[in-house]
file input-v9.txt (compact mmCIF, C-alpha atoms)
# COMPACT_ATOMS: atom_id res chain seq x y z
CA ASN A 1 -19.60 -111.78 6.44
CA ALA A 2 -17.55 -108.66 7.17
CA GLY A 3 -14.11 -109.85 5.99
CA VAL A 4 -11.77 -106.85 5.79
CA THR A 5 -13.29 -103.51 6.72
CA GLN A 6 -11.67 -100.19 5.93
CA THR A 7 -12.75 -96.78 7.17
CA PRO A 8 -13.23 -94.13 5.98
CA LYS A 9 -14.11 -94.76 2.32
CA PHE A 10 -13.25 -91.22 1.29
CA GLN A 11 -11.09 -88.54 2.90
CA VAL A 12 -9.77 -85.13 1.94
CA LEU A 13 -6.80 -83.77 3.87
CA LYS A 14 -4.86 -80.57 3.76
CA THR A 15 -1.11 -80.75 3.36
CA GLY A 16 0.53 -81.29 6.73
CA GLN A 17 -2.49 -82.80 8.44
CA SER A 18 -2.32 -86.20 10.04
CA MET A 19 -4.82 -89.01 9.98
CA THR A 20 -5.25 -92.72 10.56
CA LEU A 21 -6.77 -95.14 8.08
CA GLN A 22 -8.47 -97.95 9.90
CA CYS A 23 -8.42 -101.61 8.90
CA ALA A 24 -10.05 -104.49 10.73
CA GLN A 25 -10.50 -108.15 9.81
CA ASP A 26 -12.67 -110.77 11.47
CA MET A 27 -11.08 -113.89 9.93
CA ASN A 28 -8.37 -114.34 12.57
CA HIS A 29 -5.71 -113.85 9.92
CA GLU A 30 -2.12 -113.47 11.05
CA TYR A 31 -0.92 -111.55 8.02
CA MET A 32 -2.09 -108.04 7.20
CA SER A 33 -0.78 -105.46 4.77
CA TRP A 34 -1.36 -102.01 3.33
CA TYR A 35 -1.08 -101.13 -0.34
CA ARG A 36 -1.52 -97.96 -2.30
CA GLN A 37 -2.92 -98.01 -5.83
CA ASP A 38 -1.92 -95.37 -8.34
CA PRO A 39 -2.77 -95.29 -12.06
CA GLY A 40 -0.36 -97.33 -14.15
CA MET A 41 1.56 -98.58 -11.13
CA GLY A 42 -0.62 -101.35 -9.79
CA LEU A 43 -0.60 -101.92 -6.05
CA ARG A 44 2.54 -101.11 -4.12
CA LEU A 45 3.17 -102.52 -0.67
CA ILE A 46 3.54 -99.92 2.07
CA HIS A 47 3.83 -101.95 5.29
CA TYR A 48 2.89 -105.42 6.39
CA SER A 49 2.54 -107.43 9.57
CA VAL A 50 3.03 -111.14 10.18
CA GLY A 51 1.31 -111.08 13.55
CA ALA A 52 0.44 -108.94 16.55
CA GLY A 53 3.40 -106.85 17.61
CA ILE A 54 5.36 -107.47 14.39
CA THR A 55 5.49 -105.07 11.45
CA ASP A 56 7.85 -104.52 8.54
CA GLN A 57 8.35 -102.14 5.64
CA GLY A 58 7.29 -102.79 2.09
CA GLU A 59 8.26 -101.03 -1.14
CA VAL A 60 7.04 -97.50 -0.31
CA PRO A 61 7.03 -97.02 3.49
CA ASN A 62 8.17 -93.39 3.71
CA GLY A 63 5.58 -91.08 5.24
CA TYR A 64 3.56 -93.90 6.78
CA ASN A 65 3.56 -95.62 10.15
CA VAL A 66 1.80 -98.77 11.29
CA SER A 67 1.31 -100.76 14.45
CA ARG A 68 -0.33 -104.09 15.22
CA SER A 69 -1.49 -104.31 18.79
CA THR A 70 -4.19 -106.92 18.09
CA THR A 71 -4.69 -109.64 15.48
CA GLU A 72 -7.80 -107.88 14.18
CA ASP A 73 -6.60 -104.30 13.62
CA PHE A 74 -3.87 -102.80 11.48
CA PRO A 75 -4.13 -98.99 11.27
CA LEU A 76 -2.09 -96.91 8.85
CA ARG A 77 -0.98 -93.47 10.01
CA LEU A 78 -0.03 -90.52 7.87
CA LEU A 79 1.93 -88.20 10.13
CA SER A 80 2.11 -85.17 7.82
CA ALA A 81 0.12 -85.62 4.63
CA ALA A 82 1.63 -84.60 1.30
CA PRO A 83 -0.03 -84.30 -2.15
CA SER A 84 2.10 -87.27 -3.28
CA GLN A 85 0.10 -89.42 -0.87
CA THR A 86 -3.08 -88.84 -2.84
CA SER A 87 -4.05 -92.39 -3.75
CA VAL A 88 -6.41 -95.26 -3.10
CA TYR A 89 -5.34 -97.33 -0.13
CA PHE A 90 -6.16 -101.00 0.31
CA CYS A 91 -5.79 -103.16 3.35
CA ALA A 92 -5.45 -106.92 2.92
CA SER A 93 -5.22 -109.96 5.16
CA SER A 94 -4.32 -113.60 4.70
CA SER A 95 -4.11 -116.67 6.88
CA GLY A 96 -0.57 -117.67 6.07
CA GLN A 97 2.33 -117.60 3.71
CA GLY A 98 2.75 -119.07 0.30
CA VAL A 99 -0.32 -120.23 -1.50
CA THR A 100 -2.95 -118.57 0.65
CA GLU A 101 -4.61 -115.65 -1.10
CA ALA A 102 -5.03 -112.16 0.29
CA PHE A 103 -8.48 -110.77 1.05
CA PHE A 104 -8.94 -107.08 0.36
CA GLY A 105 -11.00 -104.30 1.84
CA GLN A 106 -13.02 -101.94 -0.33
CA GLY A 107 -10.38 -99.22 -0.24
CA THR A 108 -10.00 -95.68 1.06
CA ARG A 109 -9.76 -92.89 -1.51
CA LEU A 110 -7.51 -90.20 -0.05
CA THR A 111 -6.98 -86.76 -1.56
CA VAL A 112 -4.36 -84.40 -0.14
CA VAL A 113 -4.75 -80.78 -1.23
CA ALA B 1 14.42 -107.02 -7.56
CA GLN B 2 11.89 -109.74 -8.02
CA SER B 3 8.91 -108.39 -9.93
CA VAL B 4 5.92 -109.13 -12.06
CA THR B 5 5.23 -107.63 -15.48
CA GLN B 6 1.90 -107.38 -17.21
CA LEU B 7 2.19 -106.74 -20.93
CA GLY B 8 -0.41 -104.27 -22.15
CA SER B 9 -2.05 -101.76 -19.85
CA HIS B 10 -5.22 -101.87 -21.97
CA VAL B 11 -6.74 -104.77 -23.86
CA SER B 12 -9.89 -104.46 -25.93
CA VAL B 13 -11.84 -107.44 -27.28
CA SER B 14 -15.23 -107.98 -28.83
CA GLU B 15 -17.90 -109.83 -26.94
CA GLY B 16 -17.46 -113.55 -27.59
CA ALA B 17 -13.78 -113.23 -28.51
CA LEU B 18 -10.83 -114.81 -26.74
CA VAL B 19 -9.39 -112.92 -23.81
CA LEU B 20 -5.62 -113.16 -23.26
CA LEU B 21 -3.93 -111.15 -20.51
CA ARG B 22 -0.20 -111.62 -20.16
CA CYS B 23 1.86 -111.92 -16.98
CA ASN B 24 5.55 -112.69 -16.56
CA TYR B 25 7.53 -112.92 -13.34
CA SER B 26 11.22 -112.50 -12.81
CA SER B 27 12.65 -115.21 -10.64
CA SER B 28 14.52 -118.45 -11.08
CA VAL B 29 12.49 -119.84 -8.21
CA PRO B 30 8.81 -120.13 -9.12
CA PRO B 31 6.73 -118.01 -6.81
CA TYR B 32 3.13 -118.50 -5.80
CA LEU B 33 1.00 -116.90 -8.51
CA PHE B 34 -2.37 -115.21 -8.41
CA TRP B 35 -4.77 -113.31 -10.65
CA TYR B 36 -7.13 -110.75 -9.15
CA VAL B 37 -9.94 -108.74 -10.71
CA GLN B 38 -11.04 -105.26 -9.71
CA TYR B 39 -14.39 -103.84 -10.74
CA PRO B 40 -14.86 -100.06 -10.63
CA ASN B 41 -14.72 -98.57 -7.14
CA GLN B 42 -14.27 -101.95 -5.52
CA GLY B 43 -11.53 -103.94 -3.87
CA LEU B 44 -9.67 -106.83 -5.44
CA GLN B 45 -11.27 -110.25 -5.81
CA LEU B 46 -9.34 -113.46 -6.36
CA LEU B 47 -9.87 -115.06 -9.76
CA LEU B 48 -7.48 -117.98 -9.42
CA LYS B 49 -4.17 -119.07 -7.96
CA TYR B 50 -1.39 -121.47 -8.86
CA THR B 51 -0.16 -123.76 -6.15
CA THR B 52 1.67 -126.90 -7.27
CA GLY B 53 0.82 -129.80 -9.52
CA ALA B 54 -1.35 -129.10 -12.54
CA THR B 55 -0.05 -126.18 -14.55
CA LEU B 56 -3.46 -125.23 -15.93
CA VAL B 57 -5.51 -123.53 -13.25
CA LYS B 58 -9.22 -122.89 -13.51
CA GLY B 59 -10.81 -119.95 -11.75
CA ILE B 60 -14.13 -118.23 -11.40
CA ASN B 61 -16.21 -116.76 -14.22
CA GLY B 62 -14.70 -119.08 -16.84
CA PHE B 63 -11.14 -117.78 -16.53
CA GLU B 64 -8.08 -120.00 -16.49
CA ALA B 65 -4.34 -119.51 -16.43
CA GLU B 66 -1.39 -121.66 -17.41
CA PHE B 67 1.86 -121.71 -15.48
CA LYS B 68 4.88 -122.10 -17.77
CA LYS B 69 8.09 -122.34 -15.81
CA SER B 70 10.32 -122.28 -18.90
CA GLU B 71 8.77 -118.97 -19.96
CA THR B 72 8.28 -117.60 -16.40
CA SER B 73 4.72 -116.80 -17.42
CA PHE B 74 1.23 -117.10 -15.98
CA HIS B 75 -1.08 -115.78 -18.69
CA LEU B 76 -4.82 -115.45 -18.05
CA THR B 77 -7.33 -116.56 -20.67
CA LYS B 78 -11.04 -116.88 -21.24
CA PRO B 79 -12.42 -118.48 -24.41
CA SER B 80 -15.37 -116.11 -24.86
CA ALA B 81 -15.53 -112.61 -23.41
CA HIS B 82 -18.68 -111.29 -21.81
CA MET B 83 -19.59 -107.66 -21.23
CA SER B 84 -19.44 -108.29 -17.48
CA ASP B 85 -15.73 -109.16 -17.79
CA ALA B 86 -14.85 -105.51 -18.29
CA ALA B 87 -12.61 -104.68 -15.32
CA GLU B 88 -8.99 -104.29 -14.33
CA TYR B 89 -6.95 -107.44 -13.86
CA PHE B 90 -3.87 -107.81 -11.70
CA CYS B 91 -1.28 -110.53 -11.69
CA ALA B 92 0.45 -111.03 -8.33
CA VAL B 93 3.34 -113.09 -7.03
CA ARG B 94 4.26 -114.12 -3.54
CA TYR B 95 7.62 -115.40 -2.45
CA ASN B 96 8.51 -116.99 0.84
CA ASN B 97 8.13 -114.06 3.17
CA ASN B 98 4.49 -113.37 2.42
CA ASP B 99 5.42 -110.22 0.55
CA MET B 100 2.86 -110.13 -2.28
CA ARG B 101 3.82 -108.00 -5.28
CA PHE B 102 1.44 -106.88 -8.02
CA GLY B 103 1.80 -106.05 -11.66
CA ALA B 104 0.69 -102.67 -12.98
CA GLY B 105 -2.65 -104.05 -14.09
CA THR B 106 -4.43 -104.55 -17.41
CA ARG B 107 -7.72 -102.84 -18.10
CA LEU B 108 -10.01 -105.06 -20.16
CA THR B 109 -12.64 -103.46 -22.35
CA VAL B 110 -15.31 -105.62 -23.99
CA LYS B 111 -17.02 -104.20 -27.07
CA PRO B 112 -20.55 -105.24 -28.00

call {"tool": "encode", "arguments": {"input": "input-v9.txt", "output": "structure tokens"}}
result
Amino acid sequence: NAGVTQTPKFQVLKTGQSMTLQCAQDMNHEYMSWYRQDPGMGLRLIHYSVGAGITDQGEVPNGYNVSRSTTEDFPLRLLSAAPSQTSVYFCASSSGQGVTEAFFGQGTRLTVV
Amino acid sequence: AQSVTQLGSHVSVSEGALVLLRCNYSSSVPPYLFWYVQYPNQGLQLLLKYTTGATLVKGINGFEAEFKKSETSFHLTKPSAHMSDAAEYFCAVRYNNNDMRFGAGTRLTVKP
């Protein structure tokens, strides 16, 4: 059972570089989201999507772009990495609104130097 | 802004003691409520969730949580802590637009 798969698991970037964090789910979930986790701040929502072709901003969207061309994939792009984007990134998916829980990937640990 | 607050960033208990992790939400409209657990270097795993009906919710690994609307709380408890319970615990709320918000987390340490 794959669930939510994130790649890579670890990444080191230099300031100003760009990269894409990949997220794929095989549960046919409509809802997908990206969070960043920083010490003492819990998980903060970056962007989310309620279906293919539809995305919206969360709490901390600046510096990140997303797109949702298929139900399965929801990549997160860093256009010009900054040290403040050093964090652990989690992708999550869920089947619907309200009571349905979110399923999380294993995370990507990103360091920007 | 609607939010969720977890009181205590670190909680330490002895093995066999009661575990109590506190969570309060700020909304006059009860949200959907969740508790997740995160073990080191892993993603988040659902412990339990509150839907409607019974206010006492039972989850995995012996954990349970009680929804108290009058106190806007959803505290997590376990009668007897085990060493394997050492982890970080997150309370989360979801409102109508599927926007799930998390508390800052509580790190639970269990002493032998």

call {"tool": "closest_residue", "arguments": {"input": "input-v9.txt", "among": "A:Gln22, A:Arg68, A:Gly16, A:Gln85", "to": "A:Ile54", "atoms": "all atoms listed in the file"}}
result
A:Arg68

call {"tool": "interface_residues", "arguments": {"input": "input-v9.txt", "of": "chain B", "to": "chain A", "cutoff": "12 Å", "atoms": "only C-alpha atoms", "output": "PDB file with C-alpha atoms, in the coordinates of the input"}}
result
ATOM      1  CA  ALA B   1      14.420-107.020  -7.560  1.00  0.00           C
ATOM      2  CA  GLN B   2      11.890-109.740  -8.020  1.00  0.00           C
ATOM      3  CA  SER B   3       8.910-108.390  -9.930  1.00  0.00           C
ATOM      4  CA  VAL B   4       5.920-109.130 -12.060  1.00  0.00           C
ATOM      5  CA  THR B   5       5.230-107.630 -15.480  1.00  0.00           C
ATOM      6  CA  GLN B   6       1.900-107.380 -17.210  1.00  0.00           C
ATOM      7  CA  LEU B   7       2.190-106.740 -20.930  1.00  0.00           C
ATOM      8  CA  GLY B   8      -0.410-104.270 -22.150  1.00  0.00           C
ATOM      9  CA  SER B   9      -2.050-101.760 -19.850  1.00  0.00           C
ATOM     10  CA  HIS B  10      -5.220-101.870 -21.970  1.00  0.00           C
ATOM     11  CA  PRO B  30       8.810-120.130  -9.120  1.00  0.00           C
ATOM     12  CA  PRO B  31       6.730-118.010  -6.810  1.00  0.00           C
ATOM     13  CA  TYR B  32       3.130-118.500  -5.800  1.00  0.00           C
ATOM     14  CA  LEU B  33       1.000-116.900  -8.510  1.00  0.00           C
ATOM     15  CA  PHE B  34      -2.370-115.210  -8.410  1.00  0.00           C
ATOM     16  CA  TRP B  35      -4.770-113.310 -10.650  1.00  0.00           C
ATOM     17  CA  TYR B  36      -7.130-110.750  -9.150  1.00  0.00           C
ATOM     18  CA  VAL B  37      -9.940-108.740 -10.710  1.00  0.00           C
ATOM     19  CA  GLN B  38     -11.040-105.260  -9.710  1.00  0.00           C
ATOM     20  CA  TYR B  39     -14.390-103.840 -10.740  1.00  0.00           C
ATOM     21  CA  PRO B  40     -14.860-100.060 -10.630  1.00  0.00           C
ATOM     22  CA  ASN B  41     -14.720 -98.570  -7.140  1.00  0.00           C
ATOM     23  CA  GLN B  42     -14.270-101.950  -5.520  1.00  0.00           C
ATOM     24  CA  GLY B  43     -11.530-103.940  -3.870  1.00  0.00           C
ATOM     25  CA  LEU B  44      -9.670-106.830  -5.440  1.00  0.00           C
ATOM     26  CA  GLN B  45     -11.270-110.250  -5.810  1.00  0.00           C
ATOM     27  CA  LEU B  46      -9.340-113.460  -6.360  1.00  0.00           C
ATOM     28  CA  LEU B  47      -9.870-115.060  -9.760  1.00  0.00           C
ATOM     29  CA  LEU B  48      -7.480-117.980  -9.420  1.00  0.00           C
ATOM     30  CA  LYS B  49      -4.170-119.070  -7.960  1.00  0.00           C
ATOM     31  CA  TYR B  50      -1.390-121.470  -8.860  1.00  0.00           C
ATOM     32  CA  THR B  51      -0.160-123.760  -6.150  1.00  0.00           C
ATOM     33  CA  THR B  52       1.670-126.900  -7.270  1.00  0.00           C
ATOM     34  CA  GLU B  88      -8.990-104.290 -14.330  1.00  0.00           C
ATOM     35  CA  TYR B  89      -6.950-107.440 -13.860  1.00  0.00           C
ATOM     36  CA  PHE B  90      -3.870-107.810 -11.700  1.00  0.00           C
ATOM     37  CA  CYS B  91      -1.280-110.530 -11.690  1.00  0.00           C
ATOM     38  CA  ALA B  92       0.450-111.030  -8.330  1.00  0.00           C
ATOM     39  CA  VAL B  93       3.340-113.090  -7.030  1.00  0.00           C
ATOM     40  CA  ARG B  94       4.260-114.120  -3.540  1.00  0.00           C
ATOM     41  CA  TYR B  95       7.620-115.400  -2.450  1.00  0.00           C
ATOM     42  CA  ASN B  96       8.510-116.990   0.840  1.00  0.00           C
ATOM     43  CA  ASN B  97       8.130-114.060   3.170  1.00  0.00           C
ATOM     44  CA  ASN B  98       4.490-113.370   2.420  1.00  0.00           C
ATOM     45  CA  ASP B  99       5.420-110.220   0.550  1.00  0.00           C
ATOM     46  CA  MET B 100       2.860-110.130  -2.280  1.00  0.00           C
ATOM     47  CA  ARG B 101       3.820-108.000  -5.280  1.00  0.00           C
ATOM     48  CA  PHE B 102       1.440-106.880  -8.020  1.00  0.00           C
ATOM     49  CA  GLY B 103       1.800-106.050 -11.660  1.00  0.00           C
ATOM     50  CA  ALA B 104       0.690-102.670 -12.980  1.00  0.00           C
ATOM     51  CA  GLY B 105      -2.650-104.050 -14.090  1.00  0.00           C
ATOM     52  CA  THR B 106      -4.430-104.550 -17.410  1.00  0.00           C
ATOM     53  CA  ARG B 107      -7.720-102.840 -18.100  1.00  0.00           C
TER      54      ARG B 107
END

call {"tool": "residues_around", "arguments": {"input": "input-v9.txt", "residues": "A:Gln25", "least_positions_apart": "3", "cutoff": "7 Å", "atoms": "all atoms listed in the file", "output": "list of chain:residue names"}}
result
A:Gly3, A:Val4, A:Thr5, A:Glu72, A:Asp73

call {"tool": "atom_distance", "arguments": {"input": "input-v9.txt", "atom1": "atom CA of B:Thr109", "atom2": "atom CA of A:Gln6"}}
result
28.5 Å

call {"tool": "atom_distance", "arguments": {"input": "input-v9.txt", "atom1": "atom CA of A:Asp56", "atom2": "atom CA of A:Phe74"}}
result
12.2 Å

call {"tool": "closest_residue", "arguments": {"input": "input-v9.txt", "among": "A:Ala52, A:Met27, A:Val113, A:Leu78", "to": "A:Thr15", "atoms": "only C-alpha atoms"}}
result
A:Val113

call {"tool": "atom_distance", "arguments": {"input": "input-v9.txt", "atom1": "atom CA of A:Pro83", "atom2": "atom CA of A:Val112"}}
result
4.8 Å

call {"tool": "residues_around", "arguments": {"input": "input-v9.txt", "residues": "A:Leu76", "least_positions_apart": "3", "cutoff": "6 Å", "atoms": "all atoms listed in the file", "output": "ChimeraX atom specification"}}
result
/A:20-21,65-66

call {"tool": "closest_residue", "arguments": {"input": "input-v9.txt", "among": "B:Val11, B:Val110, B:Ala54, B:Phe63", "to": "B:Leu76", "atoms": "only C-alpha atoms"}}
result
B:Phe63

call {"tool": "residues_near_point", "arguments": {"input": "input-v9.txt", "point": "(-19.7, -107.6, -29.2)", "cutoff": "8 Å", "atoms": "all atoms listed in the file", "output": "PyMOL selection string"}}
result
chain B and resi 14-16+83+110-112

call {"tool": "axis_aligned_box", "arguments": {"input": "input-v9.txt", "around": "stretch 15-18 of chain B", "padding_each_side": "4 Å", "output": "JSON"}}
result
{"center_x": -14.4, "center_y": -112.3, "center_z": -27.6, "size_x": 15.1, "size_y": 13.0, "size_z": 9.8}

call {"tool": "decode", "arguments": {"input": "input-v9.txt", "residues": "stretch 42-59 of chain B", "atoms": "N, CA and C atoms", "output": "compact mmCIF listing (two decimals), in the first residue's frame"}}
result
# COMPACT_ATOMS: atom_id res chain seq x y z
N GLN B 42 9.31 10.43 10.93
CA GLN B 42 8.18 9.84 10.22
C GLN B 42 7.11 10.88 9.94
N GLY B 43 6.15 10.49 9.13
CA GLY B 43 5.01 11.36 8.88
C GLY B 43 4.02 11.28 10.02
N LEU B 44 2.88 11.90 9.84
CA LEU B 44 1.85 11.94 10.87
C LEU B 44 0.87 10.79 10.68
N GLN B 45 0.46 10.22 11.80
CA GLN B 45 -0.47 9.09 11.79
C GLN B 45 -1.69 9.47 12.61
N LEU B 46 -2.86 9.17 12.11
CA LEU B 46 -4.09 9.53 12.83
C LEU B 46 -4.25 8.67 14.07
N LEU B 47 -4.50 9.33 15.20
CA LEU B 47 -4.82 8.63 16.45
C LEU B 47 -6.33 8.46 16.60
N LEU B 48 -7.04 9.57 16.40
CA LEU B 48 -8.49 9.53 16.54
C LEU B 48 -9.08 10.81 15.95
N LYS B 49 -10.41 10.79 15.78
CA LYS B 49 -11.09 11.96 15.26
C LYS B 49 -12.48 12.07 15.86
N TYR B 50 -12.94 13.29 16.02
CA TYR B 50 -14.29 13.54 16.49
C TYR B 50 -15.18 13.88 15.31
N THR B 51 -16.28 13.17 15.23
CA THR B 51 -17.24 13.49 14.17
C THR B 51 -18.45 14.12 14.83
N THR B 52 -19.51 13.40 15.04
CA THR B 52 -20.67 13.90 15.76
C THR B 52 -21.16 12.78 16.67
N GLY B 53 -22.05 13.11 17.57
CA GLY B 53 -22.58 12.08 18.45
C GLY B 53 -21.81 12.01 19.75
N ALA B 54 -21.29 10.85 20.07
CA ALA B 54 -20.61 10.63 21.34
C ALA B 54 -19.43 11.58 21.48
N THR B 55 -19.34 12.21 22.64
CA THR B 55 -18.28 13.19 22.85
C THR B 55 -16.96 12.56 23.28
N LEU B 56 -17.00 11.30 23.73
CA LEU B 56 -15.78 10.61 24.09
C LEU B 56 -15.38 9.72 22.92
N VAL B 57 -14.22 9.97 22.38
CA VAL B 57 -13.76 9.27 21.19
C VAL B 57 -12.59 8.37 21.55
N LYS B 58 -12.66 7.14 21.12
CA LYS B 58 -11.57 6.20 21.37
C LYS B 58 -10.73 6.05 20.11
N GLY B 59 -9.41 6.00 20.31
CA GLY B 59 -8.51 5.87 19.19
C GLY B 59 -7.61 4.65 19.31
